[in-house]
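Student: Provided herewith is a single structure, encoded as structure tokens, for subsequent inquiry.
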Amino acid sequence: MDSRLNYFGNPLAGKVLKHINSAGKSVSDSGLPSATQELVKIRASQINGCGFCTDMHTKDAAAAGETQLRLNLVAAWREATVFTEAERAALELAEQGTRIADAAGGVTDAAWASAAKHYDEEQLVALISLIAIINAYNRINVINQQPAGSYQPGQFG
């Protein structure tokens, strides 16, 4: 499978990605736990059918010490006992924030209250921003049919 175009090699795309990456760096440097960030990126990527991002973030999470058991269970996190209550709240917010078009009301008050119970205001801003950023990346890669499987941890810096 080949991508539709060389998005990562295109000068305009480089300008766009520079800004998205800058926003992503702000989130990664925030107080939101790194493990939570990777779980959220994986789950949103699974929902959006983004193989490239699912490949990238599962490999990055494993390289950072995440267990294979937890990685295997991200898609079924509701039935899994391996995630903390805070992680479960972040995963729920990520799902609802990714599936906005599926529910006329958007993110429920219950999902927000659960996240707010576990994260302070800065972490909530980081979580909302992360959900928006990974959804942007998912859309770029899905539209472009970016192939998955060849990513190496740390490949993009």
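Labeling convention for the structure tokens: chains A, B, ... as they appear, residues from 1 per chain, ligands from 1 in order of appearance.
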Would you mind listing what lies within 9 Å of stretch 77-94 of chain A as a PyMOL selection string, with only C-alpha atoms counted and same-chain residues fewer than 5 positions away left out?
Tutor: chain A and resi 35-37+39-41+43-44+69-70+99+107-108+111-119+127-128+130-131
Student: Choose the residue, out of A:Ser30, A:Thr98, A:Asn72, A:Thr54, that has the smallest atom-to-atom separation from A:Asn135; count only C-alpha atoms.
Tutor: A:Thr98
Student: Considering only C-alpha atoms, can you say which of A:Ile143, A:Ile47, A:Leu71, A:Ile133 comes closest to A:Val27?
Tutor: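 Among the listed residues, the smallest separation from A:Val27 belongs to A:Ile133.
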Student: With distances taken over only C-alpha atoms, which of A:Gln68, A:Ser129, A:Gln145, A:Asn48 is nearest to A:Ser26?
Tutor: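 Between A:Gln68, A:Ser129, A:Gln145, A:Asn48, the residue approaching A:Ser26 most closely is A:Ser129.
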Student: Please determine, counting only C-alpha atoms, which residue among A:Ala64, A:Val125, A:Phe52, A:Ile134 has the shortest atom-to-atom distance to A:Met1.
Tutor: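 Of A:Ala64, A:Val125, A:Phe52, A:Ile134, the one nearest A:Met1 is A:Phe52, counting only C-alpha atoms.
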Student: When DSSP is applied to the backbone of this structure, which of stretch 2-156 of chain A are assigned helix (DSSP H, G or I)? Write them out as number ranges by chain.
Tutor: A: 7-9, 11-28, 34-47, 51-63, 68-79, 85-98, 100-102, 109-118, 121-144
Student: Report, in Å to a single decimal, how far apart atom CA of A:Arg4 and atom CA of A:Asn144 are.
Tutor: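 These two atoms are separated by 5.2 Å.
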Student: Which residues of stretch 17-117 of chain A have any atom within 12 Å of an atom in stretch 5-12 of chain A when counting only C-alpha atoms, and what is the closest pair of atoms for each, with the distance in Å to one decimal? Order the rows by chain and rising number and write it as CSV.
Tutor:
residue,atom,partner,partner_atom,distance
A:Leu17,CA,A:Phe8,CA,8.4
A:Lys18,CA,A:Leu12,CA,9.9
A:His19,CA,A:Leu12,CA,11.4
Student: In terms of the shortest atom-to-atom distance over only C-alpha atoms, which of A:Ala13, A:Ile140, A:Ala23, A:Leu32 is closest to A:Ala126?
Tutor: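 Distance minimum relative to A:Ala126 lands on A:Leu32.
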Student: One number please: atom CA of A:Lys15 to atom CA of A:Glu95, in Å, one decimal.
Tutor: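 Distance between the two atoms: 28.7 Å.
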